[in-house]
file upload.cif (mmCIF, C-alpha atoms)
data_start
#
loop_
_atom_site.label_atom_id
_atom_site.label_comp_id
_atom_site.auth_asym_id
_atom_site.auth_seq_id
_atom_site.Cartn_x
_atom_site.Cartn_y
_atom_site.Cartn_z
CA MET A 1 31.43 -28.92 -23.86
CA ILE A 2 30.59 -31.61 -21.34
CA LYS A 3 28.23 -31.54 -18.38
CA PHE A 4 29.28 -33.36 -15.23
CA SER A 5 27.17 -34.30 -12.25
CA LEU A 6 29.21 -33.32 -9.22
CA ILE A 7 29.01 -34.00 -5.49
CA CYS A 8 30.76 -32.20 -2.63
CA SER A 9 32.04 -33.59 0.66
CA ASN A 10 28.79 -32.36 2.29
CA ASP A 11 26.77 -34.54 -0.12
CA HIS A 12 25.36 -31.62 -2.16
CA ARG A 13 24.74 -32.66 -5.77
CA PHE A 14 24.83 -30.26 -8.71
CA ASP A 15 25.71 -30.13 -12.41
CA SER A 16 28.30 -27.98 -14.15
CA TRP A 17 29.63 -27.57 -17.69
CA PHE A 18 33.29 -27.84 -18.66
CA GLY A 19 35.18 -27.56 -21.93
CA SER A 20 36.52 -31.08 -21.52
CA ASN A 21 37.42 -33.70 -18.94
CA ALA A 22 40.94 -32.25 -18.89
CA ASP A 23 39.54 -28.77 -18.19
CA PHE A 24 37.65 -30.14 -15.19
CA ASP A 25 40.82 -31.80 -13.88
CA LYS A 26 42.89 -28.61 -14.31
CA LEU A 27 40.31 -26.47 -12.50
CA LYS A 28 39.81 -29.02 -9.73
CA ASN A 29 43.57 -29.33 -9.14
CA ARG A 30 43.73 -25.53 -8.67
CA ASP A 31 40.73 -25.61 -6.25
CA LEU A 32 38.66 -23.58 -8.73
CA VAL A 33 35.70 -25.96 -8.66
CA SER A 34 33.48 -25.50 -5.63
CA CYS A 35 30.04 -26.54 -4.43
CA VAL A 36 27.26 -24.21 -5.55
CA VAL A 37 25.42 -24.81 -2.26
CA CYS A 38 28.07 -24.59 0.47
CA GLY A 39 31.19 -23.40 -1.37
CA VAL A 40 33.58 -26.19 -0.34
CA ALA A 41 36.26 -27.08 -2.87
CA ASP A 42 36.18 -30.81 -2.00
CA VAL A 43 34.18 -31.75 -5.11
CA LYS A 44 34.27 -34.91 -7.22
CA LYS A 45 32.36 -36.31 -10.18
CA ALA A 46 29.24 -38.24 -9.29
CA ILE A 47 28.07 -41.33 -11.11
CA MET A 48 26.28 -40.25 -14.27
CA ALA A 49 23.99 -41.94 -16.73
CA PRO A 50 24.33 -40.96 -20.38
CA GLN A 51 21.70 -38.54 -21.62
CA LEU A 52 19.98 -39.66 -24.77
CA PRO A 53 17.87 -37.21 -26.75
CA ALA A 54 14.17 -37.86 -26.39
CA LYS A 55 12.04 -38.00 -29.52
CA THR A 56 9.51 -35.74 -27.83
CA ARG A 57 9.68 -33.83 -24.57
CA SER A 58 6.46 -33.33 -22.68
CA GLU A 59 5.94 -31.15 -19.61
CA ASP A 60 5.52 -34.36 -17.59
CA SER A 61 9.00 -35.60 -18.48
CA PRO A 62 11.09 -36.64 -15.45
CA LEU A 63 13.99 -34.82 -17.12
CA LEU A 64 12.17 -31.55 -16.44
CA ALA A 65 11.46 -32.32 -12.78
CA PRO A 66 13.05 -29.95 -10.23
CA ALA A 67 16.41 -31.19 -8.94
CA SER A 68 15.83 -29.84 -5.42
CA ALA A 69 13.29 -28.23 -3.10
CA ALA A 70 14.95 -24.86 -3.77
CA GLU A 71 14.52 -25.28 -7.53
CA GLN A 72 10.86 -26.21 -6.99
CA ALA A 73 10.34 -23.11 -4.82
CA VAL A 74 11.87 -20.88 -7.52
CA ARG A 75 9.63 -22.48 -10.18
CA GLU A 76 6.55 -21.85 -8.03
CA LEU A 77 7.61 -18.25 -7.34
CA ARG A 78 8.15 -17.64 -11.04
CA ALA A 79 4.75 -19.09 -11.95
CA ARG A 80 3.05 -16.94 -9.30
CA ILE A 81 4.79 -13.76 -10.47
CA GLU A 82 4.09 -14.46 -14.15
CA LYS A 83 0.41 -15.10 -13.33
CA ASN A 84 -0.12 -12.04 -11.11
CA ALA A 85 2.16 -9.39 -12.62
CA VAL A 86 2.55 -7.64 -15.96
CA ASP A 87 5.71 -8.29 -18.00
CA VAL A 88 6.83 -4.84 -19.16
CA GLY A 89 10.01 -6.21 -20.75
CA THR A 90 12.82 -3.73 -21.25
CA ASN A 91 10.56 -0.86 -20.15
CA PHE A 92 10.81 -2.00 -16.53
CA ALA A 93 12.78 0.99 -15.20
CA THR A 94 10.49 3.52 -16.90
CA GLU A 95 7.30 1.78 -15.76
CA ALA A 96 8.53 1.25 -12.19
CA ARG A 97 9.40 4.95 -11.92
CA LYS A 98 6.00 5.99 -13.37
CA ILE A 99 4.17 3.78 -10.86
CA HIS A 100 6.30 5.10 -7.99
CA ASP A 101 5.69 8.73 -9.04
CA GLY A 102 1.93 8.15 -9.44
CA ASP A 103 2.02 8.71 -13.21
CA ALA A 104 0.81 5.15 -13.95
CA PRO A 105 -1.69 2.89 -12.17
CA GLU A 106 -0.25 0.87 -9.29
CA ARG A 107 0.23 -2.75 -10.28
CA ALA A 108 2.75 -5.57 -9.99
CA ILE A 109 5.25 -5.59 -12.84
CA PHE A 110 8.38 -7.48 -13.85
CA GLY A 111 10.86 -7.13 -16.68
CA GLN A 112 14.48 -6.36 -17.46
CA ALA A 113 16.59 -3.40 -16.36
CA LYS A 114 20.20 -2.54 -17.00
CA PRO A 115 22.37 -2.48 -13.85
CA GLU A 116 22.64 1.32 -13.93
CA GLU A 117 18.84 1.64 -14.27
CA ALA A 118 18.26 -0.67 -11.31
CA ARG A 119 20.84 1.21 -9.23
CA SER A 120 19.13 4.53 -10.04
CA LEU A 121 15.72 3.14 -9.05
CA ILE A 122 17.08 1.92 -5.71
CA GLU A 123 18.84 5.23 -5.03
CA ASP A 124 15.56 7.06 -5.69
CA GLY A 125 13.63 4.83 -3.28
CA VAL A 126 11.71 2.87 -5.90
CA PRO A 127 11.15 -0.62 -4.47
CA VAL A 128 12.64 -3.22 -6.83
CA LEU A 129 13.89 -6.77 -6.39
CA PRO A 130 16.07 -8.88 -8.70
CA LEU A 131 14.46 -12.17 -9.66
CA PRO A 132 16.46 -15.43 -9.41
CA TRP A 133 16.00 -16.45 -13.05
CA SER A 134 16.65 -15.21 -16.54
CA THR A 135 14.18 -14.80 -19.37
CA LYS A 136 16.91 -15.59 -21.91
CA ARG A 137 16.52 -18.92 -23.67
CA THR A 138 19.73 -20.94 -23.75
CA ASN A 139 18.59 -23.82 -25.94
#

call {"tool": "encode", "arguments": {"input": "upload.cif", "output": "structure tokens"}}
result
Amino acid sequence: MIKFSLICSNDHRFDSWFGSNADFDKLKNRDLVSCVVCGVADVKKAIMAPQLPAKTRSEDSPLLAPASAAEQAVRELRARIEKNAVDVGTNFATEARKIHDGDAPERAIFGQAKPEEARSLIEDGVPVLPLPWSTKRTN
């Protein structure tokens, strides 16, 4: 796997993973690579610096800095939710329904729900909102 820094014709910069340089070329030639911001298929590789593993990674590392204002806003939203709400994990659907029905104290919660559980909550008028991040660790 290889990660490329990409740039679109509207000057949006983003990163994406590919199996190889040849895989990127094949996908690009078929217009299957598009900008994650505006959707245009006019995308090319941006100049990249090699990434070297750090001996230690601190929270102040520039490598962990948000890449955009949108990413910073999502980080701030996540921190606020995690500070002010209870993580009920995989019991989200059950807890949300209990709170809605008055069988549990009203409070802010977050967690995971299967698509069919979320659909059922919405159909029953339980207010829920998908969050723009995953709790799964990828590395």

call {"tool": "atom_distance", "arguments": {"input": "upload.cif", "atom1": "atom CA of A:Ile7", "atom2": "atom CA of A:Ala73"}}
result
21.6 Å

call {"tool": "atom_distance", "arguments": {"input": "upload.cif", "atom1": "atom CA of A:Leu64", "atom2": "atom CA of A:Asp25"}}
result
28.8 Å

call {"tool": "atom_distance", "arguments": {"input": "upload.cif", "atom1": "atom CA of A:Lys26", "atom2": "atom CA of A:Val40"}}
result
17.0 Å

call {"tool": "closest_residue", "arguments": {"input": "upload.cif", "among": "A:Ala104, A:Glu71, A:Pro132, A:Ala93", "to": "A:Arg119", "atoms": "all atoms listed in the file"}}
result
A:Ala93

call {"tool": "residues_around", "arguments": {"input": "upload.cif", "residues": "stretch 86-91 of chain A", "least_positions_apart": "2", "cutoff": "9 Å", "atoms": "only C-alpha atoms", "output": "short mmCIF file (atom, residue, chain, number, x, y, z; two decimals) with C-alpha atoms, in the frame of the given file"}}
result
data_model
loop_
_atom_site.label_atom_id
_atom_site.label_comp_id
_atom_site.auth_asym_id
_atom_site.auth_seq_id
_atom_site.Cartn_x
_atom_site.Cartn_y
_atom_site.Cartn_z
CA ILE A 81 4.79 -13.76 -10.47
CA GLU A 82 4.09 -14.46 -14.15
CA LYS A 83 0.41 -15.10 -13.33
CA ASN A 84 -0.12 -12.04 -11.11
CA ALA A 93 12.78 0.99 -15.20
CA THR A 94 10.49 3.52 -16.90
CA GLU A 95 7.30 1.78 -15.76
CA ALA A 96 8.53 1.25 -12.19
CA ARG A 107 0.23 -2.75 -10.28
CA ALA A 108 2.75 -5.57 -9.99
CA ILE A 109 5.25 -5.59 -12.84
CA PHE A 110 8.38 -7.48 -13.85
CA GLY A 111 10.86 -7.13 -16.68
CA GLN A 112 14.48 -6.36 -17.46
CA ALA A 113 16.59 -3.40 -16.36
CA LYS A 114 20.20 -2.54 -17.00
#

call {"tool": "closest_residue", "arguments": {"input": "upload.cif", "among": "A:Arg75, A:Lys44, A:Lys28, A:Arg97", "to": "A:Asp11", "atoms": "only C-alpha atoms"}}
result
A:Lys44

call {"tool": "resolve_selection", "arguments": {"input": "upload.cif", "expression": "the PyMOL selection byres ((chain A and resi 13) around 10)", "output": "list in words"}}
result
Ser5, Leu6, Ile7, Cys8, Ser9, Asn10, Asp11, His12, Phe14, Asp15, Cys35, Val36, Val37, Val43, Lys44, Lys45, Ala46, Ala67 and Ser68 of chain A

call {"tool": "residues_around", "arguments": {"input": "upload.cif", "residues": "A:Val33", "least_positions_apart": "6", "cutoff": "9 Å", "atoms": "all atoms listed in the file", "output": "PDB file with C-alpha atoms, keeping the file's coordinate frame"}}
result
ATOM      1  CA  PHE A  24      37.650 -30.140 -15.190  1.00  0.00           C
ATOM      2  CA  LEU A  27      40.310 -26.470 -12.500  1.00  0.00           C
ATOM      3  CA  GLY A  39      31.190 -23.400  -1.370  1.00  0.00           C
ATOM      4  CA  VAL A  40      33.580 -26.190  -0.340  1.00  0.00           C
ATOM      5  CA  ALA A  41      36.260 -27.080  -2.870  1.00  0.00           C
ATOM      6  CA  ASP A  42      36.180 -30.810  -2.000  1.00  0.00           C
ATOM      7  CA  VAL A  43      34.180 -31.750  -5.110  1.00  0.00           C
TER       8      VAL A  43
END

call {"tool": "closest_residue", "arguments": {"input": "upload.cif", "among": "A:Ser20, A:Phe4, A:Asp101, A:Phe92", "to": "A:Ala118", "atoms": "only C-alpha atoms"}}
result
A:Phe92
